[in-house]
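To keep things clear, I will list the structure first and then write my remarks on it.
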Amino acid sequence: MNSLTAVLFEVMDKEWPLWFVATGFFGVGFFGLFVCRKRPVTVVLFLAWAVYGAIRQWAELNDPYVDQAIRSEAGLAYVVLSYASTGLGILLPPTGAWLGRRARQKVPPASS
């Protein structure tokens with residue numbers, strides 16, 4: 001591949017930047033964590049939003065035509081941090097709903 005082709009057909013200028021992936025998924029995850037603690041029903045909304053974005057990101061990272069180009073241009077850190085941030089964005093809202101539900105349940109005192 002000559003240098004002109006490499007300049008014209010870069011991959012990472014068409015992908016989400018890492019700061020956007022990390023802040024977007026962490027933001028949705030932490031906001032969902034706090035909202036779902038008060039209203040557990042909203043977990044459906046936050047999960048739908050996070051799963052849609054994660055599927056889009058994972059599809060790009062596993063595309064047989066661009067996955068090697070992403071790893072060579074952005075490095076392995078981009079791939080690892082993308083998976084980590086999408087995973088946290090999906091796991092934090094259900095965790096908030098679980099913590100909120102657990103806090104609302106009355107736990108009887110332990111008898112001794």
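Going through the structure tokens in order, the chains are called A, B, and so on, while each chain numbers its residues from 1 and the ligands are numbered from 1 in the order shown.
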
Review point. Can you tell me, as an MDAnalysis selection string, what residues are no more than 12 Å from Val44 (chain A) when counting only C-alpha atoms, ignoring any on the same chain fewer than 6 positions away?
Key: chainID A and resid 32 35:36 50:51 90 93:94 97

For N, CA, C and O atoms, I'd like the residues from the last selection saved as a tab-separated table (two decimals), in the first residue's frame.
chain	number	residue	atom	x	y	z
A	32	GLY	N	-27.18	6.45	34.80
A	32	GLY	CA	-28.15	5.37	34.98
A	32	GLY	C	-28.07	4.75	36.36
A	32	GLY	O	-29.09	4.36	36.94
A	35	VAL	N	-29.93	7.31	38.65
A	35	VAL	CA	-31.36	7.41	38.35
A	35	VAL	C	-32.07	6.10	38.68
A	35	VAL	O	-33.17	6.11	39.25
A	36	CYS	N	-31.45	4.99	38.36
A	36	CYS	CA	-32.09	3.69	38.61
A	36	CYS	C	-32.15	3.34	40.08
A	36	CYS	O	-32.93	2.48	40.48
A	50	ALA	N	-27.54	1.97	26.17
A	50	ALA	CA	-26.17	1.47	26.28
A	50	ALA	C	-25.93	0.27	25.38
A	50	ALA	O	-24.87	0.15	24.76
A	51	VAL	N	-26.88	-0.64	25.30
A	51	VAL	CA	-26.70	-1.84	24.47
A	51	VAL	C	-26.66	-1.47	22.99
A	51	VAL	O	-25.86	-2.03	22.23
A	90	ILE	N	-23.06	-0.78	30.39
A	90	ILE	CA	-24.17	-1.74	30.44
A	90	ILE	C	-24.40	-2.25	31.86
A	90	ILE	O	-25.54	-2.47	32.28
A	93	PRO	N	-26.23	0.65	35.21
A	93	PRO	CA	-27.66	0.88	35.48
A	93	PRO	C	-28.36	-0.28	36.20
A	93	PRO	O	-29.09	-0.04	37.17
A	94	PRO	N	-28.15	-1.55	35.81
A	94	PRO	CA	-28.78	-2.61	36.61
A	94	PRO	C	-28.25	-2.69	38.03
A	94	PRO	O	-28.98	-3.04	38.96
A	97	ALA	N	-30.22	-0.15	39.94
A	97	ALA	CA	-31.57	-0.64	40.21
A	97	ALA	C	-31.56	-1.67	41.33
A	97	ALA	O	-32.43	-1.67	42.20

Practice item. Return as a VMD selection string the full set of residues in chain A whose backbone-based DSSP assignment is helix (DSSP H, G or I). Key: chain A and resid 3 to 8 18 to 38 40 to 61 67 to 74 76 to 104

Practice item. Would you mind telling me which residue in A:Val28, A:Leu81, A:Leu18, A:Val11 lies nearest to Gly53 (chain A) when using only C-alpha atoms? Key: A:Val28
